[in-house]
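One file, query34.cif, carrying mmCIF, C-alpha atoms:
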data_final
#
loop_
_atom_site.group_PDB
_atom_site.id
_atom_site.type_symbol
_atom_site.label_atom_id
_atom_site.label_comp_id
_atom_site.auth_asym_id
_atom_site.auth_seq_id
_atom_site.Cartn_x
_atom_site.Cartn_y
_atom_site.Cartn_z
ATOM 1 C CA MET U 1 -16.503 -64.620 17.472
ATOM 2 C CA ARG U 2 -19.051 -63.346 19.938
ATOM 3 C CA THR U 3 -18.351 -62.762 23.623
ATOM 4 C CA LEU U 4 -21.111 -63.600 26.101
ATOM 5 C CA THR U 5 -20.113 -61.916 29.345
ATOM 6 C CA ASN U 6 -21.219 -62.924 32.838
ATOM 7 C CA ILE U 7 -23.233 -59.701 33.232
ATOM 8 C CA THR U 8 -26.922 -60.641 33.226
ATOM 9 C CA GLN U 9 -30.248 -59.131 34.304
ATOM 10 C CA ILE U 10 -29.601 -56.233 31.928
ATOM 11 C CA GLY U 11 -30.847 -55.034 28.564
ATOM 12 C CA ASP U 12 -29.911 -52.549 25.840
ATOM 13 C CA PRO U 13 -26.160 -52.298 26.590
ATOM 14 C CA PHE U 14 -24.195 -49.270 25.404
ATOM 15 C CA VAL U 15 -20.420 -48.829 25.670
ATOM 16 C CA LEU U 16 -18.497 -45.559 25.847
ATOM 17 C CA TYR U 17 -14.715 -45.668 25.430
ATOM 18 C CA ASP U 18 -13.201 -42.621 27.049
ATOM 19 C CA GLY U 19 -9.817 -41.842 28.591
ATOM 20 C CA GLY U 20 -8.552 -45.393 28.184
ATOM 21 C CA MET U 21 -11.523 -46.881 30.046
ATOM 22 C CA TYR U 22 -14.725 -48.577 28.930
ATOM 23 C CA TYR U 23 -18.047 -47.577 30.469
ATOM 24 C CA MET U 24 -21.087 -49.796 29.948
ATOM 25 C CA TYR U 25 -24.601 -48.493 30.589
ATOM 26 C CA ALA U 26 -27.715 -50.663 30.437
ATOM 27 C CA THR U 27 -31.324 -51.174 31.411
ATOM 28 C CA HIS U 28 -30.985 -52.733 34.854
ATOM 29 C CA SER U 29 -32.424 -51.032 37.932
ATOM 30 C CA GLY U 30 -35.757 -49.583 38.953
ATOM 31 C CA GLU U 31 -33.859 -47.049 41.065
ATOM 32 C CA GLY U 32 -32.138 -45.336 38.150
ATOM 33 C CA ILE U 33 -29.348 -46.057 35.691
ATOM 34 C CA CYS U 34 -26.236 -48.086 36.459
ATOM 35 C CA VAL U 35 -22.753 -47.968 34.989
ATOM 36 C CA TRP U 36 -20.024 -50.609 34.711
ATOM 37 C CA ARG U 37 -16.349 -49.723 34.152
ATOM 38 C CA GLY U 38 -13.221 -51.589 33.084
ATOM 39 C CA SER U 39 -9.966 -51.488 31.134
ATOM 40 C CA SER U 40 -11.435 -53.885 28.566
ATOM 41 C CA PRO U 41 -15.022 -54.000 27.242
ATOM 42 C CA GLU U 42 -15.338 -57.707 28.080
ATOM 43 C CA LYS U 43 -14.422 -57.261 31.741
ATOM 44 C CA VAL U 44 -16.295 -54.349 33.231
ATOM 45 C CA GLU U 45 -17.377 -54.194 36.856
ATOM 46 C CA SER U 46 -20.371 -52.505 38.419
ATOM 47 C CA VAL U 47 -19.785 -49.036 39.837
ATOM 48 C CA GLY U 48 -23.423 -48.543 40.816
ATOM 49 C CA LEU U 49 -25.991 -45.898 39.991
ATOM 50 C CA CYS U 50 -24.938 -42.903 37.920
ATOM 51 C CA TYR U 51 -28.471 -41.492 37.570
ATOM 52 C CA PHE U 52 -30.927 -41.575 40.464
ATOM 53 C CA LYS U 53 -34.683 -42.032 40.565
ATOM 54 C CA LYS U 54 -34.994 -39.521 43.398
ATOM 55 C CA ASP U 55 -33.670 -36.772 41.114
ATOM 56 C CA SER U 56 -35.469 -37.920 37.963
ATOM 57 C CA PHE U 57 -38.524 -36.774 36.049
ATOM 58 C CA GLY U 58 -39.355 -40.501 35.893
ATOM 59 C CA ASP U 59 -40.431 -42.948 38.569
ATOM 60 C CA GLY U 60 -39.457 -46.178 36.807
ATOM 61 C CA CYS U 61 -38.675 -47.964 33.524
ATOM 62 C CA PHE U 62 -35.159 -46.543 33.285
ATOM 63 C CA TRP U 63 -34.311 -48.035 29.913
ATOM 64 C CA ALA U 64 -31.730 -47.888 27.130
ATOM 65 C CA PRO U 65 -29.249 -45.276 28.441
ATOM 66 C CA GLU U 66 -26.629 -43.961 26.017
ATOM 67 C CA VAL U 67 -23.869 -41.438 26.736
ATOM 68 C CA VAL U 68 -21.911 -39.142 24.407
ATOM 69 C CA LYS U 69 -19.087 -36.757 25.225
ATOM 70 C CA ARG U 70 -19.954 -33.217 24.194
ATOM 71 C CA ALA U 71 -17.540 -30.753 22.597
ATOM 72 C CA ASP U 72 -17.233 -28.889 25.922
ATOM 73 C CA GLY U 73 -16.097 -32.076 27.688
ATOM 74 C CA LYS U 74 -19.363 -32.753 29.488
ATOM 75 C CA TYR U 75 -21.204 -36.068 29.165
ATOM 76 C CA VAL U 76 -24.792 -36.190 27.906
ATOM 77 C CA MET U 77 -27.048 -39.146 28.617
ATOM 78 C CA HIS U 78 -30.239 -39.894 26.670
ATOM 79 C CA PHE U 79 -32.554 -42.518 28.157
ATOM 80 C CA THR U 80 -36.138 -43.658 28.667
ATOM 81 C CA ALA U 81 -38.164 -43.278 31.861
ATOM 82 C CA ARG U 82 -41.832 -43.428 32.813
ATOM 83 C CA ASP U 83 -42.899 -39.834 33.429
ATOM 84 C CA ARG U 84 -44.054 -39.519 37.043
ATOM 85 C CA ARG U 85 -46.614 -36.891 35.984
ATOM 86 C CA ASP U 86 -48.775 -39.218 33.885
ATOM 87 C CA GLY U 87 -47.040 -42.603 33.571
ATOM 88 C CA VAL U 88 -46.137 -42.198 29.891
ATOM 89 C CA LEU U 89 -42.739 -43.408 28.628
ATOM 90 C CA ARG U 90 -40.651 -40.424 27.560
ATOM 91 C CA THR U 91 -37.088 -39.509 26.626
ATOM 92 C CA GLY U 92 -34.816 -37.830 29.136
ATOM 93 C CA ALA U 93 -31.606 -35.838 28.784
ATOM 94 C CA ALA U 94 -29.151 -35.568 31.664
ATOM 95 C CA VAL U 95 -25.651 -34.104 31.930
ATOM 96 C CA SER U 96 -22.600 -34.881 34.062
ATOM 97 C CA ASP U 97 -18.978 -33.817 34.390
ATOM 98 C CA SER U 98 -17.961 -37.490 34.542
ATOM 99 C CA PRO U 99 -18.997 -40.686 32.730
ATOM 100 C CA LEU U 100 -19.605 -42.101 36.222
ATOM 101 C CA GLY U 101 -22.154 -39.380 36.972
ATOM 102 C CA PRO U 102 -24.053 -38.229 38.772
ATOM 103 C CA PHE U 103 -26.152 -37.286 35.740
ATOM 104 C CA LYS U 104 -28.791 -34.605 36.351
ATOM 105 C CA ASP U 105 -31.901 -33.866 34.287
ATOM 106 C CA VAL U 106 -31.399 -30.838 32.047
ATOM 107 C CA ARG U 107 -35.042 -29.887 32.654
ATOM 108 C CA PRO U 108 -35.670 -30.702 36.326
ATOM 109 C CA GLY U 109 -38.873 -32.671 36.725
ATOM 110 C CA LYS U 110 -39.501 -32.859 32.979
ATOM 111 C CA PRO U 111 -38.405 -35.050 30.063
ATOM 112 C CA MET U 112 -36.217 -33.825 27.228
ATOM 113 C CA PHE U 113 -39.274 -33.321 24.999
ATOM 114 C CA ASP U 114 -42.934 -34.264 24.917
ATOM 115 C CA ILE U 115 -44.700 -34.863 21.593
ATOM 116 C CA GLY U 116 -47.816 -36.270 23.217
ATOM 117 C CA LYS U 117 -46.791 -39.885 22.528
ATOM 118 C CA ALA U 118 -44.656 -42.483 24.268
ATOM 119 C CA THR U 119 -41.008 -42.386 23.106
ATOM 120 C CA ILE U 120 -38.228 -44.877 23.898
ATOM 121 C CA ASP U 121 -34.720 -45.987 22.885
ATOM 122 C CA ALA U 122 -33.136 -42.611 22.092
ATOM 123 C CA THR U 123 -29.683 -42.542 20.499
ATOM 124 C CA CYS U 124 -27.537 -39.522 19.656
ATOM 125 C CA PHE U 125 -25.545 -39.314 16.422
ATOM 126 C CA ILE U 126 -22.955 -36.544 15.929
ATOM 127 C CA ASP U 127 -21.967 -35.962 12.303
ATOM 128 C CA ASP U 128 -18.514 -34.985 11.025
ATOM 129 C CA ASP U 129 -19.551 -31.321 10.982
ATOM 130 C CA GLY U 130 -20.491 -31.442 14.671
ATOM 131 C CA GLU U 131 -24.235 -31.374 14.065
ATOM 132 C CA GLY U 132 -26.204 -33.657 16.360
ATOM 133 C CA TYR U 133 -29.283 -35.772 15.674
ATOM 134 C CA LEU U 134 -31.536 -37.822 17.915
ATOM 135 C CA PHE U 135 -33.167 -41.060 16.797
ATOM 136 C CA TYR U 136 -35.866 -42.685 18.908
ATOM 137 C CA ALA U 137 -38.860 -45.035 18.686
ATOM 138 C CA LEU U 138 -42.523 -44.294 19.191
ATOM 139 C CA ASP U 139 -43.500 -47.042 21.600
ATOM 140 C CA CYS U 140 -46.079 -49.598 20.487
ATOM 141 C CA SER U 141 -47.895 -49.336 23.822
ATOM 142 C CA VAL U 142 -49.784 -46.312 22.525
ATOM 143 C CA ASN U 143 -48.781 -45.939 18.863
ATOM 144 C CA VAL U 144 -51.562 -47.736 16.968
ATOM 145 C CA ILE U 145 -51.691 -47.839 13.154
ATOM 146 C CA ASN U 146 -54.638 -49.497 11.426
ATOM 147 C CA GLY U 147 -55.416 -51.346 14.633
ATOM 148 C CA VAL U 148 -51.869 -52.671 15.103
ATOM 149 C CA HIS U 149 -49.671 -51.502 17.987
ATOM 150 C CA THR U 150 -46.584 -50.392 16.057
ATOM 151 C CA SER U 151 -43.178 -49.104 17.123
ATOM 152 C CA GLN U 152 -41.658 -46.755 14.524
ATOM 153 C CA ILE U 153 -38.320 -44.955 14.444
ATOM 154 C CA TYR U 154 -38.118 -41.177 14.117
ATOM 155 C CA GLY U 155 -35.241 -38.719 13.854
ATOM 156 C CA VAL U 156 -34.853 -35.048 14.705
ATOM 157 C CA LYS U 157 -32.056 -32.496 14.726
ATOM 158 C CA LEU U 158 -30.504 -31.489 18.054
ATOM 159 C CA SER U 159 -29.329 -28.174 19.439
ATOM 160 C CA GLU U 160 -25.621 -27.579 20.021
ATOM 161 C CA SER U 161 -26.096 -28.700 23.631
ATOM 162 C CA LEU U 162 -27.441 -32.095 22.436
ATOM 163 C CA THR U 163 -30.221 -31.688 25.017
ATOM 164 C CA GLU U 164 -32.955 -29.977 22.959
ATOM 165 C CA VAL U 165 -34.711 -31.021 19.768
ATOM 166 C CA VAL U 166 -34.995 -28.489 16.950
ATOM 167 C CA GLY U 167 -36.869 -28.769 13.697
ATOM 168 C CA GLU U 168 -39.218 -31.423 12.381
ATOM 169 C CA HIS U 169 -39.523 -34.979 13.678
ATOM 170 C CA VAL U 170 -39.025 -37.217 10.637
ATOM 171 C CA LEU U 171 -40.299 -40.792 10.208
ATOM 172 C CA ILE U 172 -37.232 -42.943 9.548
ATOM 173 C CA SER U 173 -38.402 -46.546 9.697
ATOM 174 C CA THR U 174 -41.590 -48.569 10.094
ATOM 175 C CA PRO U 175 -42.028 -52.371 9.994
ATOM 176 C CA THR U 176 -42.149 -53.454 6.343
ATOM 177 C CA GLN U 177 -39.944 -56.506 5.770
ATOM 178 C CA GLY U 178 -41.096 -60.084 6.245
ATOM 179 C CA TRP U 179 -38.905 -60.840 9.255
ATOM 180 C CA GLU U 180 -40.420 -57.894 11.155
ATOM 181 C CA THR U 181 -44.091 -58.116 10.110
ATOM 182 C CA ASN U 182 -45.347 -61.339 11.668
ATOM 183 C CA GLU U 183 -48.029 -59.443 13.617
ATOM 184 C CA LEU U 184 -47.800 -62.005 16.393
ATOM 185 C CA LEU U 185 -50.624 -62.041 18.893
ATOM 186 C CA ALA U 186 -49.295 -60.691 22.190
ATOM 187 C CA PRO U 187 -45.982 -62.436 21.443
ATOM 188 C CA CYS U 188 -43.962 -61.645 24.525
ATOM 189 C CA LEU U 189 -44.329 -62.382 28.202
ATOM 190 C CA SER U 190 -44.498 -58.754 29.275
ATOM 191 C CA LEU U 191 -47.528 -58.190 27.054
ATOM 192 C CA LEU U 192 -49.236 -61.436 28.041
ATOM 193 C CA ASP U 193 -49.062 -60.243 31.647
ATOM 194 C CA ASN U 194 -51.108 -57.164 30.724
ATOM 195 C CA PRO U 195 -54.869 -57.835 30.975
ATOM 196 C CA GLU U 196 -55.476 -55.227 28.264
ATOM 197 C CA PHE U 197 -53.746 -57.456 25.711
ATOM 198 C CA LYS U 198 -55.297 -60.834 26.599
ATOM 199 C CA ASP U 199 -58.204 -60.438 24.184
ATOM 200 C CA GLY U 200 -56.537 -62.573 21.504
ATOM 201 C CA LYS U 201 -56.937 -59.788 18.970
ATOM 202 C CA THR U 202 -54.317 -57.181 19.823
ATOM 203 C CA ARG U 203 -51.353 -57.252 17.422
ATOM 204 C CA PHE U 204 -47.874 -55.758 17.658
ATOM 205 C CA LEU U 205 -45.028 -54.775 15.336
ATOM 206 C CA TRP U 206 -41.640 -53.326 16.180
ATOM 207 C CA ASN U 207 -38.894 -51.131 14.766
ATOM 208 C CA GLU U 208 -36.927 -49.970 17.810
ATOM 209 C CA GLY U 209 -33.464 -49.639 19.366
ATOM 210 C CA PRO U 210 -31.909 -47.497 16.601
ATOM 211 C CA TYR U 211 -28.214 -46.698 16.349
ATOM 212 C CA VAL U 212 -26.610 -44.621 13.557
ATOM 213 C CA LEU U 213 -23.032 -44.705 12.321
ATOM 214 C CA LYS U 214 -21.345 -43.297 9.217
ATOM 215 C CA HIS U 215 -19.193 -45.139 6.686
ATOM 216 C CA ASN U 216 -17.809 -43.775 3.399
ATOM 217 C CA GLY U 217 -20.264 -40.897 3.415
ATOM 218 C CA LYS U 218 -23.309 -43.123 3.992
ATOM 219 C CA TYR U 219 -25.461 -43.256 7.111
ATOM 220 C CA TYR U 220 -26.218 -46.705 8.504
ATOM 221 C CA MET U 221 -29.028 -47.144 11.007
ATOM 222 C CA THR U 222 -29.259 -50.482 12.776
ATOM 223 C CA TYR U 223 -32.476 -51.322 14.577
ATOM 224 C CA SER U 224 -34.258 -54.243 16.235
ATOM 225 C CA ALA U 225 -37.595 -55.889 15.443
ATOM 226 C CA ASN U 226 -39.945 -58.344 17.157
ATOM 227 C CA CYS U 227 -40.474 -58.427 20.915
ATOM 228 C CA TYR U 228 -37.424 -58.155 23.168
ATOM 229 C CA ASP U 229 -38.214 -61.298 25.153
ATOM 230 C CA CYS U 230 -39.032 -63.584 22.230
ATOM 231 C CA PRO U 231 -36.400 -65.747 20.469
ATOM 232 C CA ASP U 232 -36.898 -63.944 17.148
ATOM 233 C CA TYR U 233 -35.775 -60.537 18.408
ATOM 234 C CA SER U 234 -33.259 -59.603 15.681
ATOM 235 C CA VAL U 235 -31.237 -56.771 14.120
ATOM 236 C CA GLY U 236 -31.453 -55.204 10.671
ATOM 237 C CA TYR U 237 -30.189 -52.002 9.108
ATOM 238 C CA ALA U 238 -31.060 -49.287 6.600
ATOM 239 C CA VAL U 239 -28.860 -46.826 4.663
ATOM 240 C CA ALA U 240 -29.270 -43.178 3.682
ATOM 241 C CA ASP U 241 -27.324 -40.358 2.041
ATOM 242 C CA LYS U 242 -28.342 -37.859 4.749
ATOM 243 C CA PRO U 243 -28.678 -38.189 8.538
ATOM 244 C CA LEU U 244 -32.476 -37.909 8.450
ATOM 245 C CA GLY U 245 -32.900 -40.002 5.359
ATOM 246 C CA GLU U 246 -34.564 -41.247 3.274
ATOM 247 C CA TYR U 247 -33.369 -44.638 4.622
ATOM 248 C CA LYS U 248 -33.535 -47.805 2.511
ATOM 249 C CA LYS U 249 -33.577 -51.147 4.313
ATOM 250 C CA TYR U 250 -30.904 -53.710 3.462
ATOM 251 C CA GLU U 251 -32.432 -56.575 1.465
ATOM 252 C CA GLY U 252 -30.373 -59.132 3.404
ATOM 253 C CA ASN U 253 -31.926 -58.278 6.787
ATOM 254 C CA PRO U 254 -31.764 -59.432 9.501
ATOM 255 C CA ILE U 255 -27.988 -59.266 9.959
ATOM 256 C CA MET U 256 -28.189 -60.689 13.487
ATOM 257 C CA SER U 257 -30.708 -63.276 14.644
ATOM 258 C CA LYS U 258 -31.015 -66.342 16.850
ATOM 259 C CA VAL U 259 -28.514 -69.162 16.520
ATOM 260 C CA GLU U 260 -30.254 -72.495 17.052
ATOM 261 C CA GLY U 261 -29.286 -74.042 20.354
ATOM 262 C CA GLU U 262 -26.840 -71.244 21.179
ATOM 263 C CA LEU U 263 -28.213 -67.695 21.001
ATOM 264 C CA SER U 264 -31.750 -66.453 21.624
ATOM 265 C CA GLY U 265 -33.142 -62.994 20.950
ATOM 266 C CA PRO U 266 -29.971 -61.013 20.095
ATOM 267 C CA GLY U 267 -30.691 -57.330 19.646
ATOM 268 C CA HIS U 268 -30.800 -53.693 20.727
ATOM 269 C CA ASN U 269 -27.232 -53.129 19.634
ATOM 270 C CA ALA U 270 -24.864 -50.163 19.717
ATOM 271 C CA PHE U 271 -21.350 -49.630 18.356
ATOM 272 C CA PHE U 272 -18.057 -48.315 19.687
ATOM 273 C CA LYS U 273 -14.407 -48.376 18.662
ATOM 274 C CA ASP U 274 -11.989 -50.055 21.033
ATOM 275 C CA LYS U 275 -8.495 -48.875 21.983
ATOM 276 C CA ASP U 276 -7.134 -50.318 18.729
ATOM 277 C CA GLY U 277 -9.729 -48.551 16.603
ATOM 278 C CA LYS U 278 -11.659 -51.733 15.834
ATOM 279 C CA LEU U 279 -15.428 -51.462 15.442
ATOM 280 C CA ILE U 280 -17.270 -53.475 18.106
ATOM 281 C CA CYS U 281 -20.982 -54.181 18.455
ATOM 282 C CA ALA U 282 -22.530 -54.380 21.916
ATOM 283 C CA PHE U 283 -25.865 -56.199 22.165
ATOM 284 C CA HIS U 284 -27.919 -58.341 24.472
ATOM 285 C CA CYS U 285 -29.266 -61.885 24.202
ATOM 286 C CA HIS U 286 -31.438 -63.962 26.512
ATOM 287 C CA THR U 287 -29.471 -65.231 29.483
ATOM 288 C CA HIS U 288 -31.140 -68.643 29.233
ATOM 289 C CA TYR U 289 -31.551 -69.892 25.679
ATOM 290 C CA ASP U 290 -34.473 -72.162 26.551
ATOM 291 C CA LYS U 291 -36.213 -69.579 28.759
ATOM 292 C CA PRO U 292 -36.411 -66.283 26.833
ATOM 293 C CA SER U 293 -37.431 -63.425 29.095
ATOM 294 C CA GLY U 294 -36.436 -59.970 30.253
ATOM 295 C CA ASP U 295 -33.327 -61.542 31.821
ATOM 296 C CA ARG U 296 -30.697 -60.676 29.215
ATOM 297 C CA ARG U 297 -26.919 -60.880 28.955
ATOM 298 C CA TYR U 298 -24.348 -58.252 27.889
ATOM 299 C CA CYS U 299 -22.662 -59.448 24.681
ATOM 300 C CA LEU U 300 -20.028 -58.232 22.224
ATOM 301 C CA CYS U 301 -18.934 -59.079 18.693
ATOM 302 C CA PRO U 302 -16.692 -57.533 16.010
ATOM 303 C CA ALA U 303 -18.326 -55.528 13.221
ATOM 304 C CA GLU U 304 -17.066 -54.559 9.779
ATOM 305 C CA PHE U 305 -18.032 -53.256 6.351
ATOM 306 C CA ASP U 306 -17.177 -55.341 3.305
ATOM 307 C CA GLU U 307 -15.919 -53.981 -0.030
ATOM 308 C CA ASN U 308 -19.517 -53.368 -1.145
ATOM 309 C CA GLY U 309 -20.396 -51.365 1.948
ATOM 310 C CA VAL U 310 -22.419 -54.171 3.528
ATOM 311 C CA LEU U 311 -22.409 -54.067 7.318
ATOM 312 C CA LYS U 312 -21.424 -57.370 8.922
ATOM 313 C CA LEU U 313 -21.876 -58.402 12.553
ATOM 314 C CA LEU U 314 -19.465 -61.251 13.272
ATOM 315 C CA TYR U 315 -21.489 -62.967 15.980
ATOM 316 C CA LYS U 316 -21.513 -66.600 14.769
#
What would the structure in this file look like if it were written as structure tokens?
Amino acid sequence: MRTLTNITQIGDPFVLYDGGMYYMYATHSGEGICVWRGSSPEKVESVGLCYFKKDSFGDGCFWAPEVVKRADGKYVMHFTARDRRDGVLRTGAAVSDSPLGPFKDVRPGKPMFDIGKATIDATCFIDDDGEGYLFYALDCSVNVINGVHTSQIYGVKLSESLTEVVGEHVLISTPTQGWETNELLAPCLSLLDNPEFKDGKTRFLWNEGPYVLKHNGKYYMTYSANCYDCPDYSVGYAVADKPLGEYKKYEGNPIMSKVEGELSGPGHNAFFKDKDGKLICAFHCHTHYDKPSGDRRYCLCPAEFDENGVLKLLYK
């Protein structure tokens, strides 16, 4: 039931449905962030850049953009970029009057926040009471735990503007389950290309790409594990009674993984409801099944909750 679109050379797709149109944002260009638009989520066409490097606090690595519509009608984008001041990956916040942009940094020349560590894959969740929360990953490039480079997911409350963090940053998820704790030696091509990681000893673990949605009073956080350009990149989820947890991982994880001979490295998903109110999951997979790499394809599949509250991604 999955849809593999013809949009490739992207990663981390996110879809906003607004005003009868679908807007897809994704990791794609070194010059900023691009947007695609269409009257159906399967058939969106490139509109071009909606956020520009020349106006950014970052000078590259424009990753994982997500856009929410604020109560005042403005559009807020959260994204990753490599801070031009010191080269560290950080989270940005930019605002626009239109989903097509142009989006402008809220803090000109500076990221949304700086906790002294690399942060990626930010996603904004707005609860029924209007309170906003930001979930993001500490990047494994610099987050080392017991000698293992480890990506972990954190959450923090947001201000009313959705552009400032307030309160304590809370650890939400760390790699613990078997499918996400292989500790592969430099498992993906991007790391093998880095001389720092060719020693045969450096190990990596991932919990990244979070997305939170609410169902029957419970908070569901999906996330991805393993390296983005390896076949075993997959999706799991955890559930909590409160937005910032404590989250308990689903014992049946992963809920999305490779399909032999058909689908390689599905992950970094996000959800939206289409014009008919149906829950849809956007995700990426490797464009070429037999050549996993950073070349990924924009994909879609239906999603649902069963009678026991189990989240299902109907991608097979």
For Asp128 (chain U), the nearest of the candidates U:Gln9, U:Asn253, U:Ser161, U:Asn216, counting all atoms listed in the file: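 Of U:Gln9, U:Asn253, U:Ser161, U:Asn216, the one nearest Asp128 (chain U), counting all atoms listed in the file, is U:Asn216.
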Picked residues, the PyMOL selection byres ((chain U and resi 221) around 12), expected as a ChimeraX atom specification: /U:123-125,134-136,153-155,172-173,207-215,218-220,222-224,235-250,268-271,311
Just the residues within 7 Å of Arg90 (chain U), please, counting only C-alpha atoms, with nothing from its chain fewer than 3 positions along; format it as a short mmCIF file (atom, residue, chain, number, x, y, z; two decimals) with C-alpha atoms, keeping the file's coordinate frame.
data_model
loop_
_atom_site.label_atom_id
_atom_site.label_comp_id
_atom_site.auth_asym_id
_atom_site.auth_seq_id
_atom_site.Cartn_x
_atom_site.Cartn_y
_atom_site.Cartn_z
CA THR U 80 -36.14 -43.66 28.67
CA ALA U 81 -38.16 -43.28 31.86
CA ARG U 82 -41.83 -43.43 32.81
CA ASP U 83 -42.90 -39.83 33.43
CA PRO U 111 -38.40 -35.05 30.06
CA ALA U 118 -44.66 -42.48 24.27
CA THR U 119 -41.01 -42.39 23.11
CA ILE U 120 -38.23 -44.88 23.90
#
Residues returned when the PyMOL selection byres ((chain U and resi 21-31) around 8) runs on this file, as a PyMOL selection string: chain U and resi 9-20+32-41+44+52-54+60-66+99
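Taken over the shown file, the PyMOL selection byres ((chain U and resi 94) around 9) identifies Tyr51, Tyr75, Val76, Met77, His78, Phe79, Gly92, Ala93, Val95, Ser96, Phe103, Lys104, Asp105, Val106, Arg107, Met112 and Thr163 of chain U.
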Atom pair CA of Arg203 (chain U) / CA of Ile255 (chain U): separation (Å):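 The value is 24.6 Å.
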Among listed residues U:Asp274, U:Pro292, U:Lys69, U:Tyr233, nearest Trp179 (chain U) (using all atoms listed in the file):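 So, comparing all the options, the nearest one is U:Tyr233.
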Missing atoms in region 78-91 of chain U need filling: write out N, CA, C and O atoms for it as a compact mmCIF listing (two decimals), in the coordinates of the input.
# COMPACT_ATOMS: atom_id res chain seq x y z
N HIS U 78 -28.86 -39.80 27.13
CA HIS U 78 -30.24 -39.89 26.67
C HIS U 78 -30.78 -41.25 27.11
O HIS U 78 -30.06 -42.26 27.02
N PHE U 79 -32.01 -41.30 27.56
CA PHE U 79 -32.55 -42.52 28.16
C PHE U 79 -34.07 -42.45 28.17
O PHE U 79 -34.68 -41.42 27.87
N THR U 80 -34.68 -43.57 28.51
CA THR U 80 -36.14 -43.66 28.67
C THR U 80 -36.49 -43.73 30.14
O THR U 80 -35.77 -44.34 30.93
N ALA U 81 -37.61 -43.11 30.51
CA ALA U 81 -38.16 -43.28 31.86
C ALA U 81 -39.67 -43.06 31.78
O ALA U 81 -40.17 -42.42 30.86
N ARG U 82 -40.38 -43.59 32.76
CA ARG U 82 -41.83 -43.43 32.81
C ARG U 82 -42.14 -42.14 33.58
O ARG U 82 -41.89 -42.05 34.79
N ASP U 83 -42.65 -41.16 32.88
CA ASP U 83 -42.90 -39.83 33.43
C ASP U 83 -43.80 -39.92 34.66
O ASP U 83 -44.92 -40.44 34.59
N ARG U 84 -43.31 -39.42 35.79
CA ARG U 84 -44.05 -39.52 37.04
C ARG U 84 -45.32 -38.66 37.02
O ARG U 84 -46.21 -38.83 37.85
N ARG U 85 -45.43 -37.75 36.06
CA ARG U 85 -46.61 -36.89 35.98
C ARG U 85 -47.84 -37.63 35.47
O ARG U 85 -48.96 -37.38 35.90
N ASP U 86 -47.63 -38.55 34.49
CA ASP U 86 -48.78 -39.22 33.88
C ASP U 86 -48.52 -40.68 33.51
O ASP U 86 -49.39 -41.33 32.94
N GLY U 87 -47.33 -41.20 33.83
CA GLY U 87 -47.04 -42.60 33.57
C GLY U 87 -46.67 -42.95 32.15
O GLY U 87 -46.53 -44.13 31.81
N VAL U 88 -46.48 -41.95 31.29
CA VAL U 88 -46.14 -42.20 29.89
C VAL U 88 -44.62 -42.31 29.73
O VAL U 88 -43.86 -41.55 30.35
N LEU U 89 -44.17 -43.26 28.92
CA LEU U 89 -42.74 -43.41 28.63
C LEU U 89 -42.26 -42.22 27.80
O LEU U 89 -42.83 -41.91 26.75
N ARG U 90 -41.19 -41.57 28.28
CA ARG U 90 -40.65 -40.42 27.56
C ARG U 90 -39.13 -40.44 27.59
O ARG U 90 -38.50 -41.19 28.35
N THR U 91 -38.54 -39.59 26.77
CA THR U 91 -37.09 -39.51 26.63
C THR U 91 -36.53 -38.43 27.54
O THR U 91 -37.02 -37.30 27.56
